[in-house]
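Colleague: For reference, the file coords.pdb (PDB, C-alpha atoms, pLDDT in the B column) is included below:
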ATOM      1  CA  MET A   1     201.678 127.580 155.988  1.00 48.00           C
ATOM      2  CA  THR A   2     204.983 129.445 155.735  1.00 58.00           C
ATOM      3  CA  GLU A   3     207.510 128.021 153.294  1.00 82.00           C
ATOM      4  CA  TYR A   4     210.560 129.062 155.273  1.00 90.00           C
ATOM      5  CA  THR A   5     211.937 129.637 158.753  1.00 95.00           C
ATOM      6  CA  ASP A   6     213.817 132.826 159.628  1.00 95.00           C
ATOM      7  CA  HIS A   7     216.670 133.486 162.035  1.00 95.00           C
ATOM      8  CA  HIS A   8     217.437 137.154 162.626  1.00 91.00           C
ATOM      9  CA  ALA A   9     220.578 138.970 163.703  1.00 89.00           C
ATOM     10  CA  PRO A  10     220.641 140.284 167.291  1.00 92.00           C
ATOM     11  CA  GLU A  11     218.700 143.507 167.741  1.00 92.00           C
ATOM     12  CA  GLY A  12     220.793 146.605 167.180  1.00 92.00           C
ATOM     13  CA  LEU A  13     223.336 144.959 164.863  1.00 92.00           C
ATOM     14  CA  ARG A  14     223.520 145.772 161.193  1.00 91.00           C
ATOM     15  CA  THR A  15     222.739 142.739 159.025  1.00 92.00           C
ATOM     16  CA  ARG A  16     225.929 141.598 157.292  1.00 93.00           C
ATOM     17  CA  GLY A  17     224.338 139.463 154.581  1.00 93.00           C
ATOM     18  CA  THR A  18     221.585 137.022 153.661  1.00 94.00           C
ATOM     19  CA  VAL A  19     221.927 133.239 153.842  1.00 96.00           C
ATOM     20  CA  VAL A  20     219.326 130.893 152.328  1.00 96.00           C
ATOM     21  CA  VAL A  21     219.629 127.284 153.490  1.00 97.00           C
ATOM     22  CA  VAL A  22     218.295 124.301 151.510  1.00 97.00           C
ATOM     23  CA  PRO A  23     217.912 120.985 153.434  1.00 97.00           C
ATOM     24  CA  GLY A  24     218.636 117.557 151.993  1.00 97.00           C
ATOM     25  CA  ARG A  25     216.854 114.215 151.756  1.00 95.00           C
ATOM     26  CA  GLY A  26     214.503 113.518 154.614  1.00 95.00           C
ATOM     27  CA  GLU A  27     215.288 116.776 156.412  1.00 97.00           C
ATOM     28  CA  THR A  28     212.959 119.581 157.449  1.00 97.00           C
ATOM     29  CA  ARG A  29     213.580 123.234 158.201  1.00 97.00           C
ATOM     30  CA  ALA A  30     213.871 122.312 161.893  1.00 96.00           C
ATOM     31  CA  THR A  31     217.005 120.309 161.065  1.00 97.00           C
ATOM     32  CA  TYR A  32     218.867 123.592 160.560  1.00 98.00           C
ATOM     33  CA  SER A  33     217.652 125.554 163.578  1.00 97.00           C
ATOM     34  CA  ARG A  34     221.004 125.245 165.331  1.00 97.00           C
ATOM     35  CA  LEU A  35     222.980 126.341 162.283  1.00 98.00           C
ATOM     36  CA  GLY A  36     220.532 129.149 161.603  1.00 98.00           C
ATOM     37  CA  ARG A  37     220.823 130.517 165.136  1.00 97.00           C
ATOM     38  CA  ARG A  38     224.605 130.351 165.040  1.00 97.00           C
ATOM     39  CA  LEU A  39     224.962 132.192 161.725  1.00 97.00           C
ATOM     40  CA  ALA A  40     222.342 134.723 162.801  1.00 97.00           C
ATOM     41  CA  ALA A  41     224.334 135.412 165.960  1.00 96.00           C
ATOM     42  CA  ASP A  42     227.087 136.700 163.660  1.00 96.00           C
ATOM     43  CA  ALA A  43     224.580 139.190 162.223  1.00 95.00           C
ATOM     44  CA  TYR A  44     223.539 137.276 159.116  1.00 95.00           C
ATOM     45  CA  ARG A  45     219.896 137.032 158.098  1.00 94.00           C
ATOM     46  CA  VAL A  46     219.235 133.293 157.710  1.00 96.00           C
ATOM     47  CA  ARG A  47     216.241 131.831 155.920  1.00 96.00           C
ATOM     48  CA  VAL A  48     215.726 128.053 155.778  1.00 97.00           C
ATOM     49  CA  VAL A  49     213.456 126.827 152.954  1.00 96.00           C
ATOM     50  CA  ASP A  50     211.784 123.476 152.413  1.00 94.00           C
ATOM     51  CA  ALA A  51     213.773 120.626 150.899  1.00 92.00           C
ATOM     52  CA  LEU A  52     213.770 120.192 147.136  1.00 88.00           C
ATOM     53  CA  GLY A  53     210.668 118.557 145.682  1.00 86.00           C
ATOM     54  CA  LEU A  54     212.267 116.290 143.094  1.00 83.00           C
ATOM     55  CA  ASP A  55     210.330 114.630 140.276  1.00 85.00           C
ATOM     56  CA  GLU A  56     212.728 112.163 138.651  1.00 82.00           C
ATOM     57  CA  ARG A  57     210.528 112.091 135.544  1.00 87.00           C
ATOM     58  CA  ASP A  58     210.934 115.849 135.154  1.00 90.00           C
ATOM     59  CA  LEU A  59     214.315 116.957 136.500  1.00 89.00           C
ATOM     60  CA  GLU A  60     214.344 120.146 134.417  1.00 88.00           C
ATOM     61  CA  GLY A  61     210.925 121.118 135.679  1.00 90.00           C
ATOM     62  CA  SER A  62     211.963 120.326 139.243  1.00 90.00           C
ATOM     63  CA  LEU A  63     214.989 122.606 138.943  1.00 90.00           C
ATOM     64  CA  THR A  64     212.910 125.380 137.403  1.00 89.00           C
ATOM     65  CA  ARG A  65     210.416 125.241 140.267  1.00 89.00           C
ATOM     66  CA  PHE A  66     213.293 125.079 142.730  1.00 91.00           C
ATOM     67  CA  GLY A  67     214.850 128.201 141.231  1.00 89.00           C
ATOM     68  CA  GLU A  68     211.544 130.026 141.547  1.00 87.00           C
ATOM     69  CA  GLN A  69     211.295 128.895 145.194  1.00 88.00           C
ATOM     70  CA  LEU A  70     214.778 130.222 145.985  1.00 89.00           C
ATOM     71  CA  ALA A  71     214.184 133.492 144.162  1.00 87.00           C
ATOM     72  CA  ALA A  72     210.943 134.058 146.076  1.00 87.00           C
ATOM     73  CA  ALA A  73     212.588 133.218 149.402  1.00 89.00           C
ATOM     74  CA  ALA A  74     215.483 135.592 148.744  1.00 86.00           C
ATOM     75  CA  GLU A  75     213.208 138.381 147.534  1.00 81.00           C
ATOM     76  CA  ASP A  76     210.871 138.025 150.534  1.00 74.00           C
ATOM     77  CA  SER A  77     213.868 138.248 152.880  1.00 67.00           C
ATOM     78  CA  ALA A  78     214.661 141.797 151.766  1.00 64.00           C
ATOM     79  CA  THR A  79     215.396 144.045 154.725  1.00 59.00           C
ATOM     80  CA  GLY A  80     217.510 146.785 153.173  1.00 53.00           C
ATOM     81  CA  GLU A  81     216.367 149.929 151.402  1.00 55.00           C
ATOM     82  CA  ASN A  82     217.574 148.470 148.111  1.00 57.00           C
ATOM     83  CA  GLY A  83     216.256 144.951 148.621  1.00 70.00           C
ATOM     84  CA  VAL A  84     218.177 141.859 149.716  1.00 84.00           C
ATOM     85  CA  VAL A  85     221.093 142.552 152.051  1.00 90.00           C
ATOM     86  CA  ARG A  86     224.183 141.258 150.274  1.00 90.00           C
ATOM     87  CA  PRO A  87     226.197 139.201 150.051  1.00 93.00           C
ATOM     88  CA  LEU A  88     223.451 136.706 149.264  1.00 94.00           C
ATOM     89  CA  VAL A  89     224.720 133.164 149.866  1.00 96.00           C
ATOM     90  CA  LEU A  90     222.977 129.862 149.134  1.00 96.00           C
ATOM     91  CA  VAL A  91     223.783 126.968 151.477  1.00 98.00           C
ATOM     92  CA  GLY A  92     222.732 123.488 150.356  1.00 98.00           C
ATOM     93  CA  ALA A  93     223.073 120.112 152.051  1.00 98.00           C
ATOM     94  CA  ASP A  94     222.941 116.679 150.386  1.00 97.00           C
ATOM     95  CA  THR A  95     220.420 116.896 147.505  1.00 95.00           C
ATOM     96  CA  GLY A  96     219.931 120.547 148.427  1.00 96.00           C
ATOM     97  CA  ALA A  97     223.595 121.103 147.559  1.00 97.00           C
ATOM     98  CA  VAL A  98     223.282 119.062 144.361  1.00 96.00           C
ATOM     99  CA  ALA A  99     220.226 121.039 143.255  1.00 95.00           C
ATOM    100  CA  VAL A 100     221.834 124.395 144.050  1.00 95.00           C
ATOM    101  CA  ALA A 101     224.964 123.471 142.081  1.00 95.00           C
ATOM    102  CA  ALA A 102     222.938 122.181 139.124  1.00 93.00           C
ATOM    103  CA  LEU A 103     220.713 125.256 139.163  1.00 92.00           C
ATOM    104  CA  LEU A 104     223.614 127.709 139.239  1.00 92.00           C
ATOM    105  CA  GLY A 105     225.436 125.776 136.551  1.00 87.00           C
ATOM    106  CA  ARG A 106     222.569 126.264 134.146  1.00 82.00           C
ATOM    107  CA  GLY A 107     221.921 129.874 135.182  1.00 73.00           C
ATOM    108  CA  GLY A 108     218.525 129.102 136.660  1.00 64.00           C
ATOM    109  CA  VAL A 109     218.331 131.943 139.178  1.00 72.00           C
ATOM    110  CA  PRO A 110     216.988 135.345 138.048  1.00 70.00           C
ATOM    111  CA  SER A 111     219.875 137.785 137.568  1.00 71.00           C
ATOM    112  CA  ALA A 112     218.480 140.283 140.094  1.00 66.00           C
ATOM    113  CA  LEU A 113     218.638 137.601 142.790  1.00 73.00           C
ATOM    114  CA  ARG A 114     221.769 135.813 141.651  1.00 88.00           C
ATOM    115  CA  PRO A 115     223.774 134.723 144.722  1.00 93.00           C
ATOM    116  CA  ASP A 116     227.204 136.124 145.465  1.00 94.00           C
ATOM    117  CA  ALA A 117     228.509 132.785 146.731  1.00 96.00           C
ATOM    118  CA  VAL A 118     227.483 129.239 147.551  1.00 97.00           C
ATOM    119  CA  VAL A 119     228.184 126.658 150.267  1.00 98.00           C
ATOM    120  CA  LEU A 120     227.724 123.032 149.198  1.00 98.00           C
ATOM    121  CA  ALA A 121     227.749 120.512 152.047  1.00 98.00           C
ATOM    122  CA  GLY A 122     227.645 116.727 151.928  1.00 97.00           C
ATOM    123  CA  ILE A 123     227.266 116.253 148.176  1.00 96.00           C
ATOM    124  CA  PRO A 124     226.607 112.505 147.761  1.00 95.00           C
ATOM    125  CA  GLY A 125     228.359 110.300 145.241  1.00 91.00           C
ATOM    126  CA  GLY A 126     226.657 108.570 142.346  1.00 79.00           C
ATOM    127  CA  GLY A 127     224.524 105.610 143.405  1.00 68.00           C
ATOM    128  CA  ALA A 128     225.311 106.264 147.071  1.00 64.00           C
ATOM    129  CA  ALA A 129     222.569 105.082 149.442  1.00 72.00           C
ATOM    130  CA  ALA A 130     222.446 104.409 153.159  1.00 71.00           C
ATOM    131  CA  GLY A 131     220.408 101.201 153.518  1.00 75.00           C
ATOM    132  CA  GLY A 132     219.453  99.507 156.773  1.00 85.00           C
ATOM    133  CA  GLY A 133     217.100 100.728 159.486  1.00 93.00           C
ATOM    134  CA  TRP A 134     216.752 104.062 161.264  1.00 95.00           C
ATOM    135  CA  GLU A 135     219.729 103.553 163.580  1.00 95.00           C
ATOM    136  CA  ASP A 136     221.859 102.653 160.573  1.00 95.00           C
ATOM    137  CA  GLU A 137     220.734 105.811 158.801  1.00 96.00           C
ATOM    138  CA  LEU A 138     221.563 107.892 161.859  1.00 97.00           C
ATOM    139  CA  ASP A 139     225.045 106.333 161.917  1.00 96.00           C
ATOM    140  CA  VAL A 140     225.522 107.419 158.304  1.00 96.00           C
ATOM    141  CA  ARG A 141     224.278 110.910 159.064  1.00 97.00           C
ATOM    142  CA  THR A 142     225.935 111.885 162.330  1.00 97.00           C
ATOM    143  CA  SER A 143     227.557 110.928 165.616  1.00 97.00           C
ATOM    144  CA  CYS A 144     226.225 114.062 167.355  1.00 98.00           C
ATOM    145  CA  PRO A 145     223.737 113.025 170.083  1.00 98.00           C
ATOM    146  CA  ALA A 146     221.836 116.315 169.853  1.00 97.00           C
ATOM    147  CA  HIS A 147     221.437 116.056 166.084  1.00 98.00           C
ATOM    148  CA  ARG A 148     220.391 112.404 166.314  1.00 98.00           C
ATOM    149  CA  ASP A 149     217.697 113.448 168.810  1.00 98.00           C
ATOM    150  CA  THR A 150     216.589 116.314 166.558  1.00 97.00           C
ATOM    151  CA  LEU A 151     216.128 113.974 163.598  1.00 98.00           C
ATOM    152  CA  THR A 152     214.438 111.280 165.654  1.00 98.00           C
ATOM    153  CA  GLU A 153     212.026 113.575 167.470  1.00 97.00           C
ATOM    154  CA  ASP A 154     211.060 115.619 164.405  1.00 97.00           C
ATOM    155  CA  THR A 155     207.857 114.038 163.103  1.00 97.00           C
ATOM    156  CA  GLY A 156     208.523 115.635 159.727  1.00 96.00           C
ATOM    157  CA  THR A 157     211.792 113.752 159.210  1.00 97.00           C
ATOM    158  CA  ARG A 158     211.378 111.283 156.357  1.00 96.00           C
ATOM    159  CA  ARG A 159     213.094 108.128 157.528  1.00 96.00           C
ATOM    160  CA  GLY A 160     214.774 106.017 154.882  1.00 94.00           C
ATOM    161  CA  ALA A 161     215.235 109.012 152.576  1.00 93.00           C
ATOM    162  CA  LEU A 162     218.936 108.284 152.183  1.00 94.00           C
ATOM    163  CA  ASP A 163     218.077 104.847 150.770  1.00 91.00           C
ATOM    164  CA  GLN A 164     217.120 106.502 147.486  1.00 88.00           C
ATOM    165  CA  ALA A 165     220.036 107.262 145.199  1.00 87.00           C
ATOM    166  CA  VAL A 166     220.356 110.723 143.675  1.00 91.00           C
ATOM    167  CA  PRO A 167     219.598 110.770 139.927  1.00 91.00           C
ATOM    168  CA  GLU A 168     222.822 110.521 137.966  1.00 91.00           C
ATOM    169  CA  ALA A 169     221.763 113.288 135.593  1.00 91.00           C
ATOM    170  CA  LEU A 170     221.353 115.679 138.513  1.00 92.00           C
ATOM    171  CA  LEU A 171     224.774 114.776 139.923  1.00 93.00           C
ATOM    172  CA  THR A 172     226.378 115.250 136.515  1.00 92.00           C
ATOM    173  CA  ALA A 173     224.757 118.665 136.182  1.00 90.00           C
ATOM    174  CA  ALA A 174     226.038 119.597 139.644  1.00 92.00           C
ATOM    175  CA  HIS A 175     229.646 118.540 138.993  1.00 90.00           C
ATOM    176  CA  ASP A 176     229.873 119.792 135.411  1.00 89.00           C
ATOM    177  CA  GLY A 177     227.904 123.031 135.707  1.00 81.00           C
ATOM    178  CA  GLY A 178     230.907 125.309 136.075  1.00 85.00           C
ATOM    179  CA  ILE A 179     229.838 127.545 138.951  1.00 91.00           C
ATOM    180  CA  ASP A 180     231.551 130.901 138.462  1.00 91.00           C
ATOM    181  CA  ILE A 181     230.880 132.415 141.895  1.00 94.00           C
ATOM    182  CA  PRO A 182     232.893 131.734 145.070  1.00 96.00           C
ATOM    183  CA  ALA A 183     232.098 128.264 146.420  1.00 96.00           C
ATOM    184  CA  LEU A 184     232.848 126.489 149.686  1.00 97.00           C
ATOM    185  CA  LEU A 185     232.523 122.711 149.461  1.00 97.00           C
ATOM    186  CA  LEU A 186     232.226 120.865 152.782  1.00 98.00           C
ATOM    187  CA  VAL A 187     232.588 117.108 153.232  1.00 98.00           C
ATOM    188  CA  GLY A 188     233.225 114.820 156.173  1.00 97.00           C
ATOM    189  CA  ASP A 189     236.106 112.408 155.830  1.00 96.00           C
ATOM    190  CA  ALA A 190     233.882 109.755 157.493  1.00 97.00           C
ATOM    191  CA  ASP A 191     230.974 110.315 155.100  1.00 97.00           C
ATOM    192  CA  PRO A 192     230.198 106.907 153.526  1.00 94.00           C
ATOM    193  CA  LEU A 193     228.040 108.513 150.829  1.00 95.00           C
ATOM    194  CA  ALA A 194     230.646 110.954 149.538  1.00 95.00           C
ATOM    195  CA  ASP A 195     232.804 110.610 146.450  1.00 93.00           C
ATOM    196  CA  ARG A 196     235.757 112.666 147.665  1.00 93.00           C
ATOM    197  CA  ASP A 197     237.735 112.194 144.437  1.00 93.00           C
ATOM    198  CA  ALA A 198     234.861 113.649 142.425  1.00 92.00           C
ATOM    199  CA  LEU A 199     234.513 116.534 144.879  1.00 94.00           C
ATOM    200  CA  ALA A 200     238.236 117.277 144.704  1.00 94.00           C
ATOM    201  CA  ALA A 201     238.095 117.271 140.906  1.00 93.00           C
ATOM    202  CA  THR A 202     235.066 119.558 140.921  1.00 93.00           C
ATOM    203  CA  ALA A 203     236.722 121.972 143.355  1.00 94.00           C
ATOM    204  CA  LYS A 204     239.828 122.134 141.162  1.00 94.00           C
ATOM    205  CA  SER A 205     237.728 122.766 138.067  1.00 93.00           C
ATOM    206  CA  LEU A 206     235.956 125.789 139.539  1.00 92.00           C
ATOM    207  CA  PRO A 207     237.638 129.212 139.337  1.00 91.00           C
ATOM    208  CA  ARG A 208     236.936 130.252 142.958  1.00 92.00           C
ATOM    209  CA  ALA A 209     236.338 127.175 145.099  1.00 94.00           C
ATOM    210  CA  ARG A 210     237.538 125.940 148.468  1.00 93.00           C
ATOM    211  CA  LEU A 211     237.188 122.291 149.532  1.00 96.00           C
ATOM    212  CA  ALA A 212     237.081 121.838 153.317  1.00 97.00           C
ATOM    213  CA  VAL A 213     237.356 118.251 154.576  1.00 97.00           C
ATOM    214  CA  VAL A 214     236.071 117.869 158.130  1.00 98.00           C
ATOM    215  CA  ARG A 215     237.878 115.312 160.241  1.00 97.00           C
ATOM    216  CA  ASP A 216     235.662 112.441 161.512  1.00 97.00           C
ATOM    217  CA  ALA A 217     232.485 114.121 160.231  1.00 98.00           C
ATOM    218  CA  HIS A 218     229.705 112.063 158.677  1.00 97.00           C
ATOM    219  CA  HIS A 219     227.180 112.834 155.936  1.00 97.00           C
ATOM    220  CA  ASP A 220     225.332 115.609 157.795  1.00 98.00           C
ATOM    221  CA  VAL A 221     228.527 117.645 157.920  1.00 98.00           C
ATOM    222  CA  LEU A 222     226.724 120.857 158.909  1.00 98.00           C
ATOM    223  CA  ASN A 223     225.213 119.126 161.931  1.00 98.00           C
ATOM    224  CA  ASP A 224     227.744 116.561 163.120  1.00 98.00           C
ATOM    225  CA  MET A 225     229.922 116.677 166.242  1.00 98.00           C
ATOM    226  CA  GLN A 226     232.120 119.288 164.558  1.00 98.00           C
ATOM    227  CA  HIS A 227     229.206 121.681 163.924  1.00 98.00           C
ATOM    228  CA  ARG A 228     230.888 124.582 165.758  1.00 97.00           C
ATOM    229  CA  SER A 229     234.030 124.330 163.633  1.00 97.00           C
ATOM    230  CA  VAL A 230     231.974 123.920 160.455  1.00 98.00           C
ATOM    231  CA  ALA A 231     229.880 126.976 161.325  1.00 97.00           C
ATOM    232  CA  ALA A 232     233.082 128.907 162.019  1.00 96.00           C
ATOM    233  CA  GLU A 233     234.491 127.827 158.643  1.00 96.00           C
ATOM    234  CA  THR A 234     231.268 128.981 157.001  1.00 97.00           C
ATOM    235  CA  VAL A 235     231.369 132.363 158.739  1.00 96.00           C
ATOM    236  CA  THR A 236     235.023 132.782 157.760  1.00 94.00           C
ATOM    237  CA  PHE A 237     234.039 132.102 154.150  1.00 95.00           C
ATOM    238  CA  LEU A 238     231.188 134.608 154.372  1.00 95.00           C
ATOM    239  CA  GLU A 239     233.532 137.245 155.750  1.00 93.00           C
ATOM    240  CA  THR A 240     236.117 136.719 152.989  1.00 91.00           C
ATOM    241  CA  LEU A 241     233.476 137.737 150.460  1.00 90.00           C
ATOM    242  CA  ARG A 242     233.986 141.284 151.723  1.00 78.00           C
ATOM    243  CA  ASN A 243     237.724 141.069 151.187  1.00 75.00           C
ATOM    244  CA  GLY A 244     238.191 139.711 147.690  1.00 75.00           C
ATOM    245  CA  LEU A 245     238.228 136.113 149.050  1.00 74.00           C
ATOM    246  CA  VAL A 246     241.388 136.900 150.990  1.00 75.00           C
ATOM    247  CA  PRO A 247     241.159 135.551 154.565  1.00 74.00           C
ATOM    248  CA  VAL A 248     240.878 138.317 157.136  1.00 76.00           C
ATOM    249  CA  VAL A 249     243.084 136.343 159.549  1.00 80.00           C
ATOM    250  CA  THR A 250     246.269 134.531 158.587  1.00 77.00           C
ATOM    251  CA  VAL A 251     248.009 132.077 160.892  1.00 77.00           C
ATOM    252  CA  ASP A 252     251.742 131.589 161.239  1.00 77.00           C
ATOM    253  CA  SER A 253     252.518 129.018 163.920  1.00 71.00           C
ATOM    254  CA  SER A 254     255.077 126.396 164.829  1.00 67.00           C
ATOM    255  CA  ALA A 255     254.441 122.772 163.817  1.00 58.00           C
ATOM    256  CA  TRP A 256     252.154 120.781 166.099  1.00 57.00           C
TER     257      TRP A 256
END
Hey, can you dump this file as structure tokens for me?
Modeller:
Amino acid sequence: MTEYTDHHAPEGLRTRGTVVVVPGRGETRATYSRLGRRLAADAYRVRVVDALGLDERDLEGSLTRFGEQLAAAAEDSATGENGVVRPLVLVGADTGAVAVAALLGRGGVPSALRPDAVVLAGIPGGGAAAGGGWEDELDVRTSCPAHRDTLTEDTGTRRGALDQAVPEALLTAAHDGGIDIPALLLVGDADPLADRDALAATAKSLPRARLAVVRDAHHDVLNDMQHRSVAAETVTFLETLRNGLVPVVTVDSSAW
């Protein structure tokens, strides 16, 4: 059985980069089909891998295996004459984002496949858990009817996954790792699991980070009602990688 799902750029367009997406707690690769199609439409090669397999008794081993999984996924996605089409960007959601941040902080990705940038979405706070039944979990995750249907109808979705708190050691590694590549942090201002103060402090501590707070978005910030704007923000970030992190478009307008 394949360990990833691919979304390709439209035929005839030159691939602009490679994006590897890591789902969060309870999610499957199907959770990110909409995001994958949208990024691929902008000529990015998108590969969605399985969610992190976390053994709380062996966090270091879990991260090592996770790094090997990402390296293999990136290497297998090679479409250019010289390997992976860069920039290579890792996108993580929930525990996927925590694991990616912790992994990069400890230098756990082989140098030949080291990403050029990272997008970290919906990083949960310490001890944060959803609680309640399935409808309560959906309310924590999203207000988007389409995304709620996707989660509910996907037999692979692990219900109640948000009830389990993220190990504190993993969160500490994620916040204190000191990622030295460009980073876009995404969080919904209606996310009950987020620690926005901790995220703001982490963003300020990193040399090349941008914190984007999405109005009225819930925990599944990549898939909530604002998914078009979030995808556009992500594409804008991807495009700035080609321009020394300077936005290609600047806006000068009158006050609203």
Colleague: Once the PyMOL selection byres ((chain A and resi 40) around 10) has been applied to the shown file, what residues remain in the selection, as a PDB file with C-alpha atoms, in the coordinates of the input?
Modeller:
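See expr07.pdb below for the written result:
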ATOM      1  CA  ASP A   6     213.817 132.826 159.628  1.00 95.00           C
ATOM      2  CA  HIS A   7     216.670 133.486 162.035  1.00 95.00           C
ATOM      3  CA  HIS A   8     217.437 137.154 162.626  1.00 91.00           C
ATOM      4  CA  ALA A   9     220.578 138.970 163.703  1.00 89.00           C
ATOM      5  CA  PRO A  10     220.641 140.284 167.291  1.00 92.00           C
ATOM      6  CA  THR A  15     222.739 142.739 159.025  1.00 92.00           C
ATOM      7  CA  ARG A  16     225.929 141.598 157.292  1.00 93.00           C
ATOM      8  CA  GLY A  17     224.338 139.463 154.581  1.00 93.00           C
ATOM      9  CA  THR A  18     221.585 137.022 153.661  1.00 94.00           C
ATOM     10  CA  VAL A  19     221.927 133.239 153.842  1.00 96.00           C
ATOM     11  CA  ARG A  34     221.004 125.245 165.331  1.00 97.00           C
ATOM     12  CA  LEU A  35     222.980 126.341 162.283  1.00 98.00           C
ATOM     13  CA  GLY A  36     220.532 129.149 161.603  1.00 98.00           C
ATOM     14  CA  ARG A  37     220.823 130.517 165.136  1.00 97.00           C
ATOM     15  CA  ARG A  38     224.605 130.351 165.040  1.00 97.00           C
ATOM     16  CA  LEU A  39     224.962 132.192 161.725  1.00 97.00           C
ATOM     17  CA  ALA A  41     224.334 135.412 165.960  1.00 96.00           C
ATOM     18  CA  ASP A  42     227.087 136.700 163.660  1.00 96.00           C
ATOM     19  CA  ALA A  43     224.580 139.190 162.223  1.00 95.00           C
ATOM     20  CA  TYR A  44     223.539 137.276 159.116  1.00 95.00           C
ATOM     21  CA  ARG A  45     219.896 137.032 158.098  1.00 94.00           C
ATOM     22  CA  VAL A  46     219.235 133.293 157.710  1.00 96.00           C
ATOM     23  CA  ARG A  47     216.241 131.831 155.920  1.00 96.00           C
TER      24      ARG A  47
END
Colleague: Quick one: residues within 12 Å of (224.3, 121.5, 145.7) (file frame), counting all atoms listed in the file, please, as a compact mmCIF listing (two decimals) with C-alpha atoms, in the frame of the given file.
Modeller:
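part-v7.txt, written as the output of this step:
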# COMPACT_ATOMS: atom_id res chain seq x y z
CA VAL A 21 219.63 127.28 153.49
CA VAL A 22 218.30 124.30 151.51
CA PRO A 23 217.91 120.98 153.43
CA GLY A 24 218.64 117.56 151.99
CA ALA A 51 213.77 120.63 150.90
CA LEU A 52 213.77 120.19 147.14
CA LEU A 63 214.99 122.61 138.94
CA PHE A 66 213.29 125.08 142.73
CA LEU A 90 222.98 129.86 149.13
CA VAL A 91 223.78 126.97 151.48
CA GLY A 92 222.73 123.49 150.36
CA ALA A 93 223.07 120.11 152.05
CA ASP A 94 222.94 116.68 150.39
CA THR A 95 220.42 116.90 147.50
CA GLY A 96 219.93 120.55 148.43
CA ALA A 97 223.60 121.10 147.56
CA VAL A 98 223.28 119.06 144.36
CA ALA A 99 220.23 121.04 143.26
CA VAL A 100 221.83 124.40 144.05
CA ALA A 101 224.96 123.47 142.08
CA ALA A 102 222.94 122.18 139.12
CA LEU A 103 220.71 125.26 139.16
CA LEU A 104 223.61 127.71 139.24
CA GLY A 105 225.44 125.78 136.55
CA VAL A 118 227.48 129.24 147.55
CA VAL A 119 228.18 126.66 150.27
CA LEU A 120 227.72 123.03 149.20
CA ALA A 121 227.75 120.51 152.05
CA GLY A 122 227.64 116.73 151.93
CA ILE A 123 227.27 116.25 148.18
CA PRO A 124 226.61 112.50 147.76
CA GLY A 125 228.36 110.30 145.24
CA VAL A 166 220.36 110.72 143.68
CA LEU A 170 221.35 115.68 138.51
CA LEU A 171 224.77 114.78 139.92
CA THR A 172 226.38 115.25 136.51
CA ALA A 173 224.76 118.66 136.18
CA ALA A 174 226.04 119.60 139.64
CA HIS A 175 229.65 118.54 138.99
CA ASP A 176 229.87 119.79 135.41
CA GLY A 177 227.90 123.03 135.71
CA ILE A 179 229.84 127.54 138.95
CA ALA A 183 232.10 128.26 146.42
CA LEU A 184 232.85 126.49 149.69
CA LEU A 185 232.52 122.71 149.46
CA LEU A 186 232.23 120.86 152.78
CA LEU A 199 234.51 116.53 144.88
CA THR A 202 235.07 119.56 140.92
Colleague: Name the closest residue to Arg196 (chain A) among the candidates A:Gly53, A:Gly126, A:Gly26, A:Gly132; distances are taken between atoms, counting only C-alpha atoms.
Modeller: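 Looking at the shortest contact to Arg196 (chain A), the residue is A:Gly126.
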Colleague: Determine the residue set returned by the PyMOL selection byres ((chain A and resi 232) around 12) for the present structure, and present it as a PyMOL selection string.
Modeller: chain A and resi 35+38-39+41-42+212+222+226-231+233-239
Colleague: If I put a ball of radius 10 Å at (218.1, 115.3, 166.0) in the file's coordinates, which residues poke into it when counting all atoms listed in the file, written as a ChimeraX atom specification?
Modeller: /A:30-32,138,142,144-154,157,223
Colleague: Which residues, written as a list in words, have at least one atom at most 7 Å from Thr5 (chain A), with only C-alpha atoms counted and residues fewer than 3 positions away on the same chain left out?
Modeller: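 So the residues in contact are Arg29, Arg47, Val48 and Val49 of chain A.
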Colleague: Choose the residue, out of A:Ala117, A:Asp55, A:Arg86, A:Glu3, that has the smallest atom-to-atom separation from Ala73 (chain A); count only C-alpha atoms.
Modeller: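 Comparing A:Ala117, A:Asp55, A:Arg86, A:Glu3 against Ala73 (chain A), the winner is A:Glu3.
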Colleague: Please evaluate the PyMOL selection byres ((chain A and resi 189-192) around 8) against the structure above and give the resulting residues as a PDB file with C-alpha atoms, keeping the file's coordinate frame.
Modeller:
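out.pdb, written as the output of this step:
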ATOM      1  CA  GLY A 122     227.645 116.727 151.928  1.00 97.00           C
ATOM      2  CA  VAL A 140     225.522 107.419 158.304  1.00 96.00           C
ATOM      3  CA  ARG A 141     224.278 110.910 159.064  1.00 97.00           C
ATOM      4  CA  VAL A 187     232.588 117.108 153.232  1.00 98.00           C
ATOM      5  CA  GLY A 188     233.225 114.820 156.173  1.00 97.00           C
ATOM      6  CA  LEU A 193     228.040 108.513 150.829  1.00 95.00           C
ATOM      7  CA  ALA A 194     230.646 110.954 149.538  1.00 95.00           C
ATOM      8  CA  VAL A 213     237.356 118.251 154.576  1.00 97.00           C
ATOM      9  CA  VAL A 214     236.071 117.869 158.130  1.00 98.00           C
ATOM     10  CA  ARG A 215     237.878 115.312 160.241  1.00 97.00           C
ATOM     11  CA  ASP A 216     235.662 112.441 161.512  1.00 97.00           C
ATOM     12  CA  ALA A 217     232.485 114.121 160.231  1.00 98.00           C
ATOM     13  CA  HIS A 218     229.705 112.063 158.677  1.00 97.00           C
ATOM     14  CA  HIS A 219     227.180 112.834 155.936  1.00 97.00           C
TER      15      HIS A 219
END
Colleague: What is the distance between CA of Thr64 (chain A) and CA of Ser111 (chain A), in Å to one decimal?
Modeller: 14.2 Å
